[in-house]
$ cat start.cif   # mmCIF, C-alpha atoms, pLDDT in the B column; chains and numbers go by the auth columns
data_model
#
loop_
_atom_site.group_PDB
_atom_site.id
_atom_site.type_symbol
_atom_site.label_atom_id
_atom_site.label_comp_id
_atom_site.label_asym_id
_atom_site.label_seq_id
_atom_site.Cartn_x
_atom_site.Cartn_y
_atom_site.Cartn_z
_atom_site.B_iso_or_equiv
_atom_site.auth_seq_id
_atom_site.auth_asym_id
ATOM 1 C CA MET A 1 0.673 6.157 21.191 47.00 1 T
ATOM 2 C CA GLY A 2 -2.403 6.759 23.364 63.00 2 T
ATOM 3 C CA ASN A 3 -5.710 5.475 22.037 83.00 3 T
ATOM 4 C CA LEU A 4 -4.813 5.888 18.378 87.00 4 T
ATOM 5 C CA ARG A 5 -4.817 2.820 16.106 90.00 5 T
ATOM 6 C CA LEU A 6 -4.399 2.117 12.429 92.00 6 T
ATOM 7 C CA SER A 7 -6.537 -0.572 10.877 92.00 7 T
ATOM 8 C CA ARG A 8 -7.698 -1.862 7.499 94.00 8 T
ATOM 9 C CA ILE A 9 -4.396 -1.185 5.743 95.00 9 T
ATOM 10 C CA ARG A 10 -5.046 -1.900 2.075 95.00 10 T
ATOM 11 C CA VAL A 11 -3.171 -1.902 -1.215 95.00 11 T
ATOM 12 C CA GLU A 12 -5.421 -1.360 -4.222 93.00 12 T
ATOM 13 C CA HIS A 13 -8.444 -1.903 -1.918 92.00 13 T
ATOM 14 C CA MET A 14 -7.180 -5.382 -0.926 92.00 14 T
ATOM 15 C CA THR A 15 -5.579 -6.802 2.189 92.00 15 T
ATOM 16 C CA ASP A 16 -2.076 -8.137 1.463 93.00 16 T
ATOM 17 C CA PRO A 17 -2.645 -8.814 -2.254 92.00 17 T
ATOM 18 C CA ILE A 18 -0.468 -11.248 -4.165 90.00 18 T
ATOM 19 C CA GLY A 19 -0.103 -10.825 -7.914 86.00 19 T
ATOM 20 C CA LEU A 20 -0.670 -7.076 -7.976 87.00 20 T
ATOM 21 C CA ASP A 21 -0.419 -5.713 -11.497 85.00 21 T
ATOM 22 C CA VAL A 22 -0.338 -1.920 -11.260 88.00 22 T
ATOM 23 C CA LYS A 23 2.347 0.621 -12.015 89.00 23 T
ATOM 24 C CA GLU A 24 1.448 2.967 -9.164 92.00 24 T
ATOM 25 C CA PRO A 25 -0.214 1.181 -6.232 94.00 25 T
ATOM 26 C CA ARG A 26 -2.695 3.064 -4.058 96.00 26 T
ATOM 27 C CA PHE A 27 -2.655 2.646 -0.290 97.00 27 T
ATOM 28 C CA SER A 28 -5.386 3.267 2.255 97.00 28 T
ATOM 29 C CA TRP A 29 -5.924 2.928 5.993 96.00 29 T
ATOM 30 C CA VAL A 30 -8.387 3.776 8.740 94.00 30 T
ATOM 31 C CA LEU A 31 -7.489 5.840 11.797 91.00 31 T
ATOM 32 C CA GLN A 32 -9.327 4.751 14.951 88.00 32 T
ATOM 33 C CA ASN A 33 -9.645 6.271 18.396 83.00 33 T
ATOM 34 C CA THR A 34 -12.466 5.048 20.609 76.00 34 T
ATOM 35 C CA VAL A 35 -11.701 7.321 23.582 77.00 35 T
ATOM 36 C CA ASP A 36 -10.763 10.811 22.417 75.00 36 T
ATOM 37 C CA GLN A 37 -13.124 13.132 20.555 79.00 37 T
ATOM 38 C CA ASP A 38 -12.377 15.328 17.535 86.00 38 T
ATOM 39 C CA VAL A 39 -9.452 13.244 16.306 89.00 39 T
ATOM 40 C CA TYR A 40 -8.127 13.551 12.783 91.00 40 T
ATOM 41 C CA GLN A 41 -4.944 12.679 10.959 95.00 41 T
ATOM 42 C CA GLN A 42 -2.386 15.455 10.550 96.00 42 T
ATOM 43 C CA THR A 43 0.552 13.605 8.973 97.00 43 T
ATOM 44 C CA TYR A 44 1.360 10.261 7.425 97.00 44 T
ATOM 45 C CA ARG A 45 4.547 8.493 6.468 98.00 45 T
ATOM 46 C CA ILE A 46 4.846 5.501 4.139 98.00 46 T
ATOM 47 C CA ARG A 47 7.922 3.310 4.084 97.00 47 T
ATOM 48 C CA ILE A 48 8.139 0.485 1.552 97.00 48 T
ATOM 49 C CA GLN A 49 10.652 -2.319 1.977 96.00 49 T
ATOM 50 C CA THR A 50 11.693 -5.460 0.199 95.00 50 T
ATOM 51 C CA GLY A 51 13.511 -7.722 2.618 91.00 51 T
ATOM 52 C CA ASP A 52 15.669 -5.464 4.788 92.00 52 T
ATOM 53 C CA GLU A 53 16.086 -2.829 2.073 95.00 53 T
ATOM 54 C CA THR A 54 14.019 0.349 2.233 96.00 54 T
ATOM 55 C CA VAL A 55 12.900 1.089 -1.316 96.00 55 T
ATOM 56 C CA VAL A 56 11.129 4.360 -0.525 96.00 56 T
ATOM 57 C CA ASP A 57 10.445 6.478 2.542 97.00 57 T
ATOM 58 C CA THR A 58 8.126 9.455 2.113 97.00 58 T
ATOM 59 C CA GLY A 59 9.081 11.086 5.384 96.00 59 T
ATOM 60 C CA ASP A 60 6.281 12.890 7.201 97.00 60 T
ATOM 61 C CA ILE A 61 3.691 14.328 4.836 97.00 61 T
ATOM 62 C CA VAL A 62 1.221 16.871 6.189 97.00 62 T
ATOM 63 C CA SER A 63 -2.120 15.574 4.963 96.00 63 T
ATOM 64 C CA ASP A 64 -5.359 14.095 6.231 94.00 64 T
ATOM 65 C CA LYS A 65 -5.593 11.870 3.152 96.00 65 T
ATOM 66 C CA SER A 66 -5.853 8.147 3.910 96.00 66 T
ATOM 67 C CA ILE A 67 -7.676 6.782 0.860 95.00 67 T
ATOM 68 C CA GLU A 68 -5.993 5.943 -2.462 95.00 68 T
ATOM 69 C CA VAL A 69 -2.702 7.482 -1.399 97.00 69 T
ATOM 70 C CA THR A 70 0.109 7.047 -3.923 95.00 70 T
ATOM 71 C CA VAL A 71 3.835 7.293 -3.331 96.00 71 T
ATOM 72 C CA GLU A 72 5.410 9.611 -5.873 93.00 72 T
ATOM 73 C CA GLY A 73 8.095 7.889 -7.922 91.00 73 T
ATOM 74 C CA PHE A 74 7.418 4.373 -6.594 94.00 74 T
ATOM 75 C CA HIS A 75 6.819 1.738 -9.239 92.00 75 T
ATOM 76 C CA PRO A 76 6.970 -1.909 -8.117 93.00 76 T
ATOM 77 C CA GLU A 77 9.565 -4.173 -9.656 91.00 77 T
ATOM 78 C CA PRO A 78 8.215 -7.379 -11.235 89.00 78 T
ATOM 79 C CA LYS A 79 7.877 -10.497 -9.078 89.00 79 T
ATOM 80 C CA THR A 80 8.790 -8.670 -5.871 93.00 80 T
ATOM 81 C CA ALA A 81 7.371 -8.896 -2.352 95.00 81 T
ATOM 82 C CA TYR A 82 6.991 -5.629 -0.451 97.00 82 T
ATOM 83 C CA THR A 83 6.221 -4.700 3.145 97.00 83 T
ATOM 84 C CA VAL A 84 4.456 -1.371 3.602 97.00 84 T
ATOM 85 C CA TRP A 85 4.813 0.483 6.903 97.00 85 T
ATOM 86 C CA ILE A 86 2.401 3.336 7.534 97.00 86 T
ATOM 87 C CA GLN A 87 2.731 5.770 10.410 97.00 87 T
ATOM 88 C CA VAL A 88 0.268 8.551 11.204 96.00 88 T
ATOM 89 C CA THR A 89 0.126 11.381 13.705 94.00 89 T
ATOM 90 C CA ASP A 90 -3.136 12.945 14.847 92.00 90 T
ATOM 91 C CA ASN A 91 -4.052 16.463 15.908 91.00 91 T
ATOM 92 C CA HIS A 92 -3.317 15.559 19.570 87.00 92 T
ATOM 93 C CA CYS A 93 0.285 14.530 18.696 89.00 93 T
ATOM 94 C CA ASN A 94 -0.507 10.835 19.161 90.00 94 T
ATOM 95 C CA SER A 95 0.994 8.426 16.644 93.00 95 T
ATOM 96 C CA ALA A 96 0.150 4.955 15.447 94.00 96 T
ATOM 97 C CA ASP A 97 1.613 2.632 12.880 94.00 97 T
ATOM 98 C CA GLY A 98 0.782 -0.536 11.036 96.00 98 T
ATOM 99 C CA LYS A 99 1.996 -2.655 8.184 96.00 99 T
ATOM 100 C CA GLY A 100 0.721 -4.375 5.108 95.00 100 T
ATOM 101 C CA PHE A 101 2.154 -6.543 2.381 95.00 101 T
ATOM 102 C CA PHE A 102 1.873 -6.952 -1.350 95.00 102 T
ATOM 103 C CA GLU A 103 3.580 -8.860 -4.102 94.00 103 T
ATOM 104 C CA SER A 104 3.871 -7.686 -7.688 91.00 104 T
ATOM 105 C CA ILE A 105 3.399 -9.900 -10.712 85.00 105 T
ATOM 106 C CA PHE A 106 5.457 -10.185 -13.908 65.00 106 T
ATOM 107 C CA SER A 107 6.447 -7.111 -15.880 57.00 107 T
ATOM 108 C CA ALA A 108 3.743 -7.109 -18.546 51.00 108 T
ATOM 109 C CA MET A 109 2.122 -4.544 -16.276 47.00 109 T
ATOM 110 C CA ALA A 110 -0.214 -2.680 -18.590 50.00 110 T
ATOM 111 C CA GLU A 111 2.393 -2.351 -21.319 53.00 111 T
ATOM 112 C CA ASN A 112 0.542 -3.265 -24.502 52.00 112 T
ATOM 113 C CA VAL A 113 -0.519 -6.610 -23.045 57.00 113 T
ATOM 114 C CA ASP A 114 -4.125 -7.456 -22.323 61.00 114 T
ATOM 115 C CA MET A 115 -4.039 -9.034 -18.861 64.00 115 T
ATOM 116 C CA ASN A 116 -7.341 -10.806 -19.542 66.00 116 T
ATOM 117 C CA ILE A 117 -5.658 -12.749 -22.346 66.00 117 T
ATOM 118 C CA ILE A 118 -2.735 -13.664 -20.096 64.00 118 T
ATOM 119 C CA PHE A 119 -5.116 -14.783 -17.336 66.00 119 T
ATOM 120 C CA PHE A 120 -7.024 -16.919 -19.830 67.00 120 T
ATOM 121 C CA LEU A 121 -3.798 -18.525 -21.104 67.00 121 T
ATOM 122 C CA VAL A 122 -2.627 -19.211 -17.546 67.00 122 T
ATOM 123 C CA MET A 123 -5.959 -20.873 -16.758 68.00 123 T
ATOM 124 C CA LEU A 124 -5.595 -23.056 -19.876 71.00 124 T
ATOM 125 C CA GLY A 125 -2.083 -23.999 -18.795 65.00 125 T
ATOM 126 C CA MET A 126 -0.569 -22.449 -21.897 59.00 126 T
ATOM 127 C CA VAL A 127 1.453 -19.889 -19.945 51.00 127 T
ATOM 128 C CA VAL A 128 3.336 -20.725 -16.768 54.00 128 T
ATOM 129 C CA VAL A 129 3.954 -17.987 -14.224 53.00 129 T
ATOM 130 C CA ASP A 130 6.919 -18.734 -11.982 52.00 130 T
#

$ encode --input "start.cif" --output "structure tokens"
Amino acid sequence: MGNLRLSRIRVEHMTDPIGLDVKEPRFSWVLQNTVDQDVYQQTYRIRIQTGDETVVDTGDIVSDKSIEVTVEGFHPEPKTAYTVWIQVTDNHCNSADGKGFFESIFSAMAENVDMNIIFFLVMLGMVVVD
């Protein structure tokens, strides 16, 4: 592991969001190393779980991308809590990992439903979200 750390793991630019309403969530993280010089990410791996079940595992992906990373083929199920595990390896063969969390909302997800209207109705108490 060395001096490598992952921090600021985000889903849709938020820390552990609840009520996420997107079809293809974007993940981001920050790689930190306060001791070594010239450190950059070489690979990342994203594993998404619900409970003990792994929903998707990207395996190691050779990329330095760490902002707005999507997982091909992953679309959250409605009303589901997910744990996101991210592992990175740097150019010195050090690795670090971290986790985040998010929970999806009901299945109206951008399918001909204006979420502003739903939010307004929820605030008025006319729609109950369980």

$ closest_residue --input "start.cif" --among "T:Val56, T:Lys23, T:Arg5, T:Thr15" --to "Val35 (chain T)" --atoms "all atoms listed in the file"
T:Arg5

$ residues_around --input "start.cif" --residues "Phe27 (chain T)" --least-positions-apart "6" --cutoff "8 Å" --atoms "only C-alpha atoms" --output "list of chain:residue names"
T:Ile9, T:Arg10, T:Val11, T:Glu12, T:His13, T:Ser66, T:Ile67, T:Glu68, T:Val69, T:Thr70

$ write_last_selection --input "start.cif" --atoms "C-alpha atoms" --output "PDB file, in the coordinates of the input"
ATOM      1  CA  ILE T   9      -4.396  -1.185   5.743  1.00 95.00           C
ATOM      2  CA  ARG T  10      -5.046  -1.900   2.075  1.00 95.00           C
ATOM      3  CA  VAL T  11      -3.171  -1.902  -1.215  1.00 95.00           C
ATOM      4  CA  GLU T  12      -5.421  -1.360  -4.222  1.00 93.00           C
ATOM      5  CA  HIS T  13      -8.444  -1.903  -1.918  1.00 92.00           C
ATOM      6  CA  SER T  66      -5.853   8.147   3.910  1.00 96.00           C
ATOM      7  CA  ILE T  67      -7.676   6.782   0.860  1.00 95.00           C
ATOM      8  CA  GLU T  68      -5.993   5.943  -2.462  1.00 95.00           C
ATOM      9  CA  VAL T  69      -2.702   7.482  -1.399  1.00 97.00           C
ATOM     10  CA  THR T  70       0.109   7.047  -3.923  1.00 95.00           C
TER      11      THR T  70
END

$ resolve_selection --input "start.cif" --expression "the PyMOL selection byres ((chain T and resi 32) around 9)" --output "PyMOL selection string"
chain T and resi 3-7+30-31+33-34+39

$ closest_residue --input "start.cif" --among "T:Gln42, T:Asn91, T:Ser104, T:Thr58" --to "Pro78 (chain T)" --atoms "all atoms listed in the file"
T:Ser104

$ atom_distance --input "start.cif" --atom1 "CA of Thr83 (chain T)" --atom2 "CA of Gln49 (chain T)"
5.2 Å

$ axis_aligned_box --input "start.cif" --around "region 44-57 of chain T" --padding-each-side "8 Å" --output "lines of an AutoDock Vina configuration file"
center_x = 8.7
center_y = 1.3
center_z = 3.1
size_x = 30.7
size_y = 34.0
size_z = 24.7

$ residues_around --input "start.cif" --residues "Val62 (chain T)" --least-positions-apart "4" --cutoff "10 Å" --atoms "all atoms listed in the file" --output "count of residues only"
7

$ closest_residue --input "start.cif" --among "T:Trp29, T:Asp38, T:Asp52, T:Phe102" --to "Glu77 (chain T)" --atoms "all atoms listed in the file"
T:Phe102

$ atom_distance --input "start.cif" --atom1 "CA of Val55 (chain T)" --atom2 "CA of Asn94 (chain T)"
26.3 Å

$ atom_distance --input "start.cif" --atom1 "CA of Asp16 (chain T)" --atom2 "CA of Gly100 (chain T)"
5.9 Å

$ closest_residue --input "start.cif" --among "T:Ile46, T:Val22, T:Val71, T:Leu124" --to "Val84 (chain T)" --atoms "all atoms listed in the file"
T:Ile46

$ residues_near_point --input "start.cif" --point "(15.2, -9.0, -0.2)" --cutoff "10 Å" --atoms "only C-alpha atoms" --output "list in words"
Gln49, Thr50, Gly51, Asp52, Glu53, Thr54, Thr80, Ala81 and Tyr82 of chain T

$ write_last_selection --input "start.cif" --atoms "C-alpha atoms" --output "PDB file, in the frame of the given file"
ATOM      1  CA  GLN T  49      10.652  -2.319   1.977  1.00 96.00           C
ATOM      2  CA  THR T  50      11.693  -5.460   0.199  1.00 95.00           C
ATOM      3  CA  GLY T  51      13.511  -7.722   2.618  1.00 91.00           C
ATOM      4  CA  ASP T  52      15.669  -5.464   4.788  1.00 92.00           C
ATOM      5  CA  GLU T  53      16.086  -2.829   2.073  1.00 95.00           C
ATOM      6  CA  THR T  54      14.019   0.349   2.233  1.00 96.00           C
ATOM      7  CA  THR T  80       8.790  -8.670  -5.871  1.00 93.00           C
ATOM      8  CA  ALA T  81       7.371  -8.896  -2.352  1.00 95.00           C
ATOM      9  CA  TYR T  82       6.991  -5.629  -0.451  1.00 97.00           C
TER      10      TYR T  82
END

$ closest_residue --input "start.cif" --among "T:Glu103, T:Asp21, T:Asp64, T:Glu72" --to "Tyr40 (chain T)" --atoms "only C-alpha atoms"
T:Asp64
